[in-house]
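Shown below: data.txt, with compact mmCIF, C-alpha atoms and all ligand atoms.
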# COMPACT_ATOMS: atom_id res chain seq x y z
CA MET A 281 -1.14 5.30 4.58
CA LYS A 282 0.22 5.70 1.08
CA ILE A 283 -2.09 4.02 -1.38
CA TYR A 284 -1.12 3.09 -4.93
CA LYS A 285 -3.55 1.64 -7.42
CA ALA A 286 -1.98 -0.82 -9.82
CA LYS A 287 -3.20 -1.51 -13.36
CA ASP A 288 -3.21 -5.26 -12.81
CA TYR A 289 -1.53 -8.10 -10.91
CA ALA A 290 1.76 -7.74 -12.80
CA ASP A 291 1.88 -4.01 -12.10
CA MET A 292 1.08 -4.58 -8.40
CA SER A 293 3.83 -7.18 -8.16
CA ARG A 294 6.40 -4.94 -9.87
CA LYS A 295 5.56 -1.93 -7.71
CA ALA A 296 5.88 -3.96 -4.49
CA ALA A 297 9.07 -5.67 -5.71
CA ASN A 298 10.53 -2.22 -6.35
CA ILE A 299 10.02 -1.20 -2.73
CA ILE A 300 11.54 -4.44 -1.45
CA SER A 301 14.51 -4.27 -3.79
CA ALA A 302 15.13 -0.63 -2.81
CA GLN A 303 15.17 -1.77 0.83
CA ILE A 304 17.74 -4.49 0.04
CA ILE A 305 19.90 -2.11 -1.99
CA MET A 306 19.80 0.64 0.65
CA LYS A 307 20.46 -1.76 3.55
CA PRO A 308 21.94 -5.08 2.39
CA GLU A 309 21.69 -6.55 5.92
CA CYS A 310 18.02 -5.58 6.27
CA VAL A 311 15.39 -7.69 8.04
CA LEU A 312 12.43 -8.51 5.81
CA GLY A 313 9.15 -9.78 7.20
CA LEU A 314 7.70 -12.03 4.50
CA ALA A 315 4.26 -13.33 3.61
CA THR A 316 2.89 -16.33 1.75
CA GLY A 317 -0.31 -16.90 -0.22
CA SER A 318 -1.18 -16.40 -3.87
CA THR A 319 -0.77 -12.60 -3.83
CA PRO A 320 3.04 -12.34 -3.38
CA VAL A 321 3.95 -15.03 -5.94
CA GLY A 322 4.47 -12.50 -8.77
CA LEU A 323 6.48 -10.21 -6.52
CA TYR A 324 8.85 -13.04 -5.52
CA LYS A 325 9.21 -13.98 -9.21
CA GLN A 326 10.18 -10.42 -9.99
CA LEU A 327 12.77 -10.35 -7.18
CA VAL A 328 14.29 -13.62 -8.47
CA GLU A 329 14.46 -12.12 -11.97
CA TRP A 330 16.32 -9.05 -10.71
CA TYR A 331 18.61 -11.25 -8.62
CA LYS A 332 19.47 -13.33 -11.70
CA LYS A 333 20.30 -10.15 -13.61
CA GLY A 334 22.79 -9.29 -10.85
CA ASP A 335 20.79 -6.36 -9.46
CA LEU A 336 20.07 -7.85 -6.02
CA ASP A 337 22.21 -9.52 -3.37
CA PHE A 338 20.43 -11.49 -0.63
CA SER A 339 23.57 -12.78 1.08
CA ALA A 340 23.19 -10.55 4.15
CA VAL A 341 19.37 -10.28 4.17
CA LYS A 342 17.47 -11.79 7.10
CA THR A 343 13.91 -12.95 6.64
CA ILE A 344 11.16 -13.63 9.13
CA ASN A 345 7.94 -15.22 7.95
CA LEU A 346 4.56 -14.37 9.38
CA ASP A 347 3.10 -17.78 9.96
CA GLU A 348 3.05 -21.54 9.43
CA TYR A 349 0.41 -24.25 9.56
CA LYS A 350 0.31 -26.89 12.22
CA GLY A 351 0.80 -30.47 11.08
CA LEU A 352 2.54 -30.04 7.73
CA SER A 353 6.13 -31.17 7.36
CA GLN A 354 8.66 -28.89 5.69
CA ASP A 355 8.62 -31.04 2.55
CA ASN A 356 4.82 -30.88 2.27
CA ASP A 357 4.25 -28.63 -0.74
CA GLN A 358 1.44 -26.79 1.12
CA SER A 359 3.67 -25.79 4.03
CA TYR A 360 4.85 -22.20 4.10
CA TYR A 361 8.41 -23.46 4.56
CA TYR A 362 8.09 -25.22 1.21
CA PHE A 363 6.34 -22.23 -0.40
CA MET A 364 9.08 -19.79 0.57
CA HIS A 365 11.88 -22.04 -0.67
CA ASP A 366 10.03 -22.87 -3.86
CA ASN A 367 9.14 -19.27 -4.69
CA LEU A 368 12.16 -17.36 -3.42
CA PHE A 369 14.88 -18.86 -1.21
CA ASN A 370 15.97 -21.68 -3.55
CA HIS A 371 16.57 -19.17 -6.35
CA VAL A 372 18.63 -16.49 -4.58
CA ASP A 373 21.86 -16.39 -2.54
CA ILE A 374 20.14 -16.11 0.83
CA ASN A 375 21.94 -17.74 3.75
CA GLU A 376 19.65 -20.44 5.19
CA GLU A 377 20.74 -19.42 8.70
CA ASN A 378 19.13 -16.05 8.08
CA VAL A 379 15.75 -17.58 7.23
CA HIS A 380 13.13 -17.73 9.99
CA ILE A 381 9.80 -19.52 9.61
CA PRO A 382 7.84 -20.77 12.64
CA THR A 383 8.59 -24.37 13.49
CA VAL A 384 5.36 -26.03 14.50
CA SER A 385 5.62 -29.24 16.47
CA ASN A 386 2.31 -30.97 16.96
CA ASP A 387 2.32 -31.07 20.75
CA HIS A 388 4.19 -28.01 21.94
CA LEU A 389 2.55 -25.03 20.28
CA GLU A 390 3.04 -22.75 23.31
CA ASP A 391 6.78 -23.48 23.33
CA ASP A 392 7.01 -22.96 19.57
CA CYS A 393 5.30 -19.56 19.92
CA LYS A 394 7.64 -18.52 22.71
CA THR A 395 10.73 -19.55 20.74
CA TYR A 396 9.59 -17.54 17.73
CA ASN A 397 8.61 -14.55 19.79
CA ASP A 398 11.95 -14.55 21.65
CA MET A 399 13.68 -14.45 18.25
CA LEU A 400 11.42 -11.55 17.15
CA ASN A 401 12.18 -9.63 20.34
CA LYS A 402 15.85 -9.54 19.38
CA VAL A 403 15.41 -7.95 15.95
CA THR A 404 13.64 -5.05 14.30
CA ILE A 405 11.90 -5.77 11.03
CA ASP A 406 12.80 -3.08 8.51
CA LEU A 407 10.04 -3.92 6.07
CA GLN A 408 7.06 -6.18 6.66
CA LEU A 409 5.26 -7.52 3.59
CA LEU A 410 1.59 -8.40 4.08
CA GLY A 411 -1.31 -9.77 2.13
CA ILE A 412 -4.84 -9.46 3.45
CA GLY A 413 -7.47 -12.13 3.94
CA GLY A 414 -11.00 -11.74 2.60
CA ASN A 415 -12.02 -11.37 6.26
CA GLY A 416 -9.39 -8.68 6.89
CA HIS A 417 -6.83 -10.90 8.60
CA ILE A 418 -3.11 -10.11 8.45
CA GLY A 419 -0.79 -13.05 8.98
CA PHE A 420 -3.19 -15.51 10.59
CA ASN A 421 -4.50 -12.85 12.93
CA GLU A 422 -8.16 -13.56 12.46
CA PRO A 423 -11.01 -11.13 13.26
CA GLY A 424 -11.22 -10.54 17.00
CA THR A 425 -7.47 -10.87 17.62
CA ASP A 426 -6.15 -8.51 20.27
CA PHE A 427 -4.10 -5.63 18.83
CA ASN A 428 -1.49 -6.29 21.56
CA SER A 429 -1.01 -9.90 20.51
CA LYS A 430 2.44 -11.42 20.09
CA THR A 431 3.27 -14.73 18.42
CA HIS A 432 0.42 -17.11 19.18
CA TYR A 433 -1.39 -20.13 17.81
CA VAL A 434 -4.76 -19.73 16.19
CA ASP A 435 -7.80 -21.73 15.27
CA LEU A 436 -8.41 -20.73 11.67
CA LYS A 437 -11.81 -19.29 10.81
CA GLU A 438 -14.07 -21.21 8.46
CA SER A 439 -13.73 -18.39 5.87
CA THR A 440 -9.93 -18.71 5.89
CA ILE A 441 -10.09 -22.49 5.54
CA LYS A 442 -12.47 -22.07 2.57
CA ASP A 443 -10.28 -19.38 0.93
CA ASN A 444 -7.12 -21.42 1.32
CA ALA A 445 -8.73 -24.64 0.12
CA ARG A 446 -9.93 -22.81 -2.99
CA LEU A 447 -6.49 -21.46 -3.82
CA PHE A 448 -4.40 -24.38 -2.61
CA PHE A 449 -5.06 -27.88 -1.28
CA ASN A 450 -6.87 -28.76 -4.56
CA GLY A 451 -10.06 -27.27 -3.13
CA ASP A 452 -10.18 -29.89 -0.36
CA GLU A 453 -11.28 -28.10 2.83
CA ASP A 454 -10.58 -31.20 4.94
CA ALA A 455 -6.92 -31.05 3.91
CA VAL A 456 -6.45 -27.51 5.24
CA PRO A 457 -4.93 -27.57 8.75
CA LYS A 458 -7.25 -26.05 11.33
CA GLN A 459 -4.50 -24.44 13.38
CA ALA A 460 -1.44 -22.32 12.69
CA ILE A 461 1.17 -20.23 14.45
CA SER A 462 1.22 -16.55 13.58
CA MET A 463 3.20 -13.48 14.48
CA GLY A 464 0.88 -11.27 16.48
CA ILE A 465 -0.52 -7.89 15.51
CA GLN A 466 1.88 -6.15 17.89
CA ASN A 467 4.84 -7.89 16.20
CA ILE A 468 3.61 -6.59 12.84
CA MET A 469 3.07 -3.07 14.19
CA ASP A 470 6.65 -3.08 15.54
CA ALA A 471 8.05 -3.24 11.98
CA LYS A 472 9.60 0.03 10.79
CA SER A 473 7.60 -0.07 7.56
CA VAL A 474 4.79 -2.16 6.10
CA VAL A 475 3.90 -2.94 2.47
CA LEU A 476 0.50 -4.55 1.95
CA ILE A 477 -0.58 -5.95 -1.40
CA ALA A 478 -4.06 -7.04 -2.45
CA CYS A 479 -5.76 -7.92 -5.69
CA GLY A 480 -9.10 -9.23 -6.86
CA LYS A 481 -12.76 -8.64 -6.09
CA ASN A 482 -12.78 -10.99 -3.10
CA LYS A 483 -10.58 -8.46 -1.26
CA GLU A 484 -12.71 -5.36 -1.94
CA ASP A 485 -14.59 -5.40 1.40
CA ALA A 486 -11.45 -6.06 3.44
CA VAL A 487 -9.53 -3.30 1.61
CA LYS A 488 -12.36 -0.82 2.09
CA GLY A 489 -12.50 -1.63 5.82
CA MET A 490 -8.74 -1.44 6.21
CA ILE A 491 -8.46 2.01 4.63
CA GLU A 492 -11.77 3.75 5.23
CA GLY A 493 -13.43 1.81 8.03
CA PRO A 494 -13.13 2.19 11.79
CA VAL A 495 -10.03 0.77 13.48
CA THR A 496 -11.38 -2.42 15.02
CA PRO A 497 -10.17 -5.91 15.93
CA GLU A 498 -13.11 -7.16 13.88
CA LEU A 499 -11.07 -6.14 10.81
CA PRO A 500 -7.48 -6.75 11.91
CA ALA A 501 -5.85 -4.93 8.96
CA SER A 502 -7.56 -1.69 10.04
CA VAL A 503 -4.90 -1.43 12.79
CA LEU A 504 -2.50 -0.36 10.06
CA GLN A 505 -4.20 3.06 10.07
CA ASN A 506 -2.26 3.54 13.32
CA HIS A 507 1.15 2.68 11.82
CA LYS A 508 3.31 5.58 10.67
CA ASP A 509 4.78 3.98 7.50
CA VAL A 510 2.37 1.83 5.51
CA THR A 511 2.24 1.49 1.73
CA VAL A 512 -0.77 -0.26 0.22
CA ILE A 513 -0.64 -1.46 -3.38
CA ILE A 514 -3.94 -2.72 -4.79
CA ASP A 515 -5.36 -3.54 -8.18
CA LYS A 516 -8.58 -1.97 -9.51
CA ALA A 517 -10.82 -4.82 -8.38
CA ALA A 518 -9.57 -4.70 -4.79
CA ALA A 519 -9.93 -0.90 -4.80
CA ALA A 520 -13.48 -0.92 -6.19
CA LEU A 521 -15.31 0.08 -3.00
CA LEU A 522 -13.01 2.91 -1.94
CA GLU A 523 -14.93 6.17 -1.78
CA LYS A 524 -12.09 8.68 -1.72
CA GLU A 525 -9.56 9.38 -4.47
CA TYR A 526 -6.01 8.26 -3.63
P1 LIG A 601 -3.85 -14.75 -0.58
O1 LIG A 601 -3.91 -14.73 0.98
O2 LIG A 601 -2.64 -13.98 -1.00
O3 LIG A 601 -3.70 -16.21 -0.94
O4 LIG A 601 -5.12 -14.15 -1.08
C1 LIG A 601 -3.69 -13.53 1.64
C2 LIG A 601 -3.90 -13.72 3.10
O5 LIG A 601 -4.73 -14.55 3.49
O6 LIG A 601 -3.24 -13.02 3.88

So that I can check it, write out the structure of this file as structure tokens.
Ligand code: PGA
Amino acid sequence: MKIYKAKDYADMSRKAANIISAQIIMKPECVLGLATGSTPVGLYKQLVEWYKKGDLDFSAVKTINLDEYKGLSQDNDQSYYYFMHDNLFNHVDINEENVHIPTVSNDHLEDDCKTYNDMLNKVTIDLQLLGIGGNGHIGFNEPGTDFNSKTHYVDLKESTIKDNARLFFNGDEDAVPKQAISMGIQNIMDAKSVVLIACGKNKEDAVKGMIEGPVTPELPASVLQNHKDVTVIIDKAAAALLEKEY
């Protein structure tokens, strides 16, 4: 793992955006695995800024998102479909046909997982962007998820529902869907490279476990210790418990 400590959120976002823009410049038809949540918002803003300056071209880029909630329509502003369009896709020249986000019908979750996984089996993700949950999840792969997992549906843990209600959903835990579809850990590990970003004190335990703890399904992000090309970019607060110098 390569670990970079950022001065603050803006610095973390710019560092991560640099890696993603280098990927797009080096391979214009690259496949990007993308993440949602509060952490990547600044990074997407930076990419849009560089696109507007004429430095980036998304016309051949393919994107594959990690996950989506069950029960939210695409025009619900809490859906990840909406998030991605609002934060990135509506502002760049990406071809909508190249955008992949799990479609979650209410009654056919197994079929939806299979469709998404079949699509994933046909491509190789060049760069997978990840955040990390306070409980160490990546995507919606909650603690205890099998490292061999492929796209599957999940019952979200209480801690994830709380975290996401706090940041989104106006704090209303009842409004947070209880299920979601997520790429599996194996799908993530199949990416050629991974960039994980984290900031804030509420991530310090998860970051410590991911980097310095044992590799265990109890802290899903720890599996990244077994991946050959991972870059972690964290602010000071998220790095606070690390014992070694990086
Ligand atoms: P956050 O979520 O960026 O909103 O903190 C990260 C995650 O849960 O993966």

Could you make a table, as JSON lines, of the residues of chain A that have an atom within 8 Å of an atom of ligand LIG 601 (chain A), each with its nearest atom pair and distance in Å to one decimal, counting all atoms listed in the file, in chain and number order?
{"residue": "A:Ala315", "atom": "CA", "partner": "A:LIG601", "partner_atom": "O6", "distance": 7.5}
{"residue": "A:Thr316", "atom": "CA", "partner": "A:LIG601", "partner_atom": "O2", "distance": 6.6}
{"residue": "A:Gly317", "atom": "CA", "partner": "A:LIG601", "partner_atom": "O3", "distance": 3.5}
{"residue": "A:Ser318", "atom": "CA", "partner": "A:LIG601", "partner_atom": "O3", "distance": 3.9}
{"residue": "A:Thr319", "atom": "CA", "partner": "A:LIG601", "partner_atom": "O2", "distance": 3.7}
{"residue": "A:Pro320", "atom": "CA", "partner": "A:LIG601", "partner_atom": "O2", "distance": 6.4}
{"residue": "A:Leu410", "atom": "CA", "partner": "A:LIG601", "partner_atom": "O6", "distance": 6.7}
{"residue": "A:Gly411", "atom": "CA", "partner": "A:LIG601", "partner_atom": "O6", "distance": 4.2}
{"residue": "A:Ile412", "atom": "CA", "partner": "A:LIG601", "partner_atom": "O6", "distance": 3.9}
{"residue": "A:Gly413", "atom": "CA", "partner": "A:LIG601", "partner_atom": "O5", "distance": 3.7}
{"residue": "A:Gly414", "atom": "CA", "partner": "A:LIG601", "partner_atom": "O5", "distance": 6.9}
{"residue": "A:His417", "atom": "CA", "partner": "A:LIG601", "partner_atom": "O6", "distance": 6.3}
{"residue": "A:Ile418", "atom": "CA", "partner": "A:LIG601", "partner_atom": "O6", "distance": 5.4}
{"residue": "A:Gly419", "atom": "CA", "partner": "A:LIG601", "partner_atom": "O6", "distance": 5.7}
{"residue": "A:Phe420", "atom": "CA", "partner": "A:LIG601", "partner_atom": "O6", "distance": 7.2}
{"residue": "A:Thr440", "atom": "CA", "partner": "A:LIG601", "partner_atom": "O5", "distance": 7.1}
{"residue": "A:Asp443", "atom": "CA", "partner": "A:LIG601", "partner_atom": "O3", "distance": 7.5}
{"residue": "A:Asn444", "atom": "CA", "partner": "A:LIG601", "partner_atom": "O3", "distance": 6.6}
{"residue": "A:Leu447", "atom": "CA", "partner": "A:LIG601", "partner_atom": "O3", "distance": 6.6}
{"residue": "A:Ala478", "atom": "CA", "partner": "A:LIG601", "partner_atom": "O2", "distance": 7.2}
{"residue": "A:Cys479", "atom": "CA", "partner": "A:LIG601", "partner_atom": "O4", "distance": 7.8}
{"residue": "A:Lys483", "atom": "CA", "partner": "A:LIG601", "partner_atom": "O4", "distance": 7.9}

May I have the residues at most 10 Å from (-8.9, -3.8, 14.3) in the file's coordinates, counting all atoms listed in the file, as a ChimeraX atom specification? /A:416-417,422-427,465,489-490,493-506

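Going from atom CA of Tyr349 of chain A to atom CA of Lys295 of chain A covers 28.7 Å.
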
Within 12 Å of segment 396-405 of chain A using all atoms listed in the file, minus same-chain residues under 6 positions, as a VMD selection string: chain A and resid 303 309 to 314 341 to 348 378 to 384 389 to 390 429 to 433 461 to 464 466 to 474

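Remark: for Ala445 of chain A, the closest of the candidate residues A:Gly334, A:Gly322, A:Pro457, A:Gly480 is A:Pro457 (distances computed over all atoms listed in the file).
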
Please identify all polymer residues within 9 Å of Ile441 of chain A, counting only C-alpha atoms, omitting same-chain residues fewer than 6 positions from it, and present them as a list in words. Glu453, Asp454, Val456, Pro457 and Lys458 of chain A

I need the residues from that last selection saved to file as an mmCIF file, keeping the file's coordinate frame (with C-alpha atoms), if you can.
data_model
loop_
_atom_site.group_PDB
_atom_site.id
_atom_site.type_symbol
_atom_site.label_atom_id
_atom_site.label_comp_id
_atom_site.auth_asym_id
_atom_site.auth_seq_id
_atom_site.Cartn_x
_atom_site.Cartn_y
_atom_site.Cartn_z
ATOM 1 C CA GLU A 453 -11.280 -28.100 2.830
ATOM 2 C CA ASP A 454 -10.580 -31.200 4.940
ATOM 3 C CA VAL A 456 -6.450 -27.510 5.240
ATOM 4 C CA PRO A 457 -4.930 -27.570 8.750
ATOM 5 C CA LYS A 458 -7.250 -26.050 11.330
#

Need to verify the contact set: segment 357-371 of chain A, 6 Å, all atoms listed in the file, exclusion of same-chain residues closer than 2 positions in sequence. Can you return it as a VMD selection string? chain A and resid 324 348 352 354 to 355

As an MDAnalysis selection string, please: the residues near Tyr331 of chain A (cut-off 9 Å, only C-alpha atoms, same-chain neighbours under 6 positions excluded). chainID A and resid 337:338 371:373

With N, CA, C and O atoms as the target, complete segment 350-366 of chain A and hand it back as a compact mmCIF listing (two decimals), in the coordinates of the input.
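The resulting file, part28.txt, is reproduced below:
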# COMPACT_ATOMS: atom_id res chain seq x y z
N LYS A 350 0.01 -25.75 11.37
CA LYS A 350 0.31 -26.89 12.22
C LYS A 350 0.11 -28.18 11.40
O LYS A 350 -0.84 -28.29 10.62
N GLY A 351 1.03 -29.11 11.61
CA GLY A 351 0.80 -30.47 11.08
C GLY A 351 1.30 -30.74 9.68
O GLY A 351 1.06 -31.82 9.16
N LEU A 352 1.98 -29.78 9.05
CA LEU A 352 2.54 -30.04 7.73
C LEU A 352 4.07 -30.07 7.85
O LEU A 352 4.66 -29.17 8.41
N SER A 353 4.67 -31.10 7.30
CA SER A 353 6.13 -31.17 7.36
C SER A 353 6.73 -30.18 6.36
O SER A 353 6.04 -29.70 5.45
N GLN A 354 8.02 -29.89 6.55
CA GLN A 354 8.66 -28.89 5.69
C GLN A 354 8.65 -29.32 4.22
O GLN A 354 8.66 -28.48 3.32
N ASP A 355 8.63 -30.61 3.97
CA ASP A 355 8.62 -31.04 2.55
C ASP A 355 7.21 -31.21 2.00
O ASP A 355 7.03 -31.61 0.85
N ASN A 356 6.19 -30.89 2.80
CA ASN A 356 4.82 -30.88 2.27
C ASN A 356 4.67 -29.63 1.40
O ASN A 356 4.96 -28.51 1.86
N ASP A 357 4.25 -29.80 0.17
CA ASP A 357 4.25 -28.63 -0.74
C ASP A 357 3.21 -27.58 -0.37
O ASP A 357 3.15 -26.52 -1.00
N GLN A 358 2.37 -27.83 0.65
CA GLN A 358 1.44 -26.79 1.12
C GLN A 358 1.98 -26.07 2.36
O GLN A 358 1.33 -25.15 2.86
N SER A 359 3.14 -26.50 2.86
CA SER A 359 3.67 -25.79 4.03
C SER A 359 4.27 -24.46 3.57
O SER A 359 4.69 -24.31 2.42
N TYR A 360 4.29 -23.51 4.48
CA TYR A 360 4.85 -22.20 4.10
C TYR A 360 6.36 -22.26 3.99
O TYR A 360 6.97 -21.49 3.25
N TYR A 361 6.98 -23.22 4.72
CA TYR A 361 8.41 -23.46 4.56
C TYR A 361 8.69 -23.84 3.10
O TYR A 361 9.58 -23.27 2.46
N TYR A 362 7.91 -24.77 2.59
CA TYR A 362 8.09 -25.22 1.21
C TYR A 362 7.83 -24.07 0.24
O TYR A 362 8.59 -23.82 -0.69
N PHE A 363 6.73 -23.36 0.47
CA PHE A 363 6.34 -22.23 -0.40
C PHE A 363 7.48 -21.22 -0.53
O PHE A 363 7.83 -20.78 -1.62
N MET A 364 8.05 -20.84 0.60
CA MET A 364 9.08 -19.79 0.57
C MET A 364 10.33 -20.26 -0.16
O MET A 364 10.95 -19.48 -0.90
N HIS A 365 10.70 -21.53 0.03
CA HIS A 365 11.88 -22.04 -0.67
C HIS A 365 11.59 -22.18 -2.15
O HIS A 365 12.42 -21.85 -2.99
N ASP A 366 10.40 -22.65 -2.46
CA ASP A 366 10.03 -22.87 -3.86
C ASP A 366 9.92 -21.56 -4.65
O ASP A 366 10.31 -21.46 -5.80
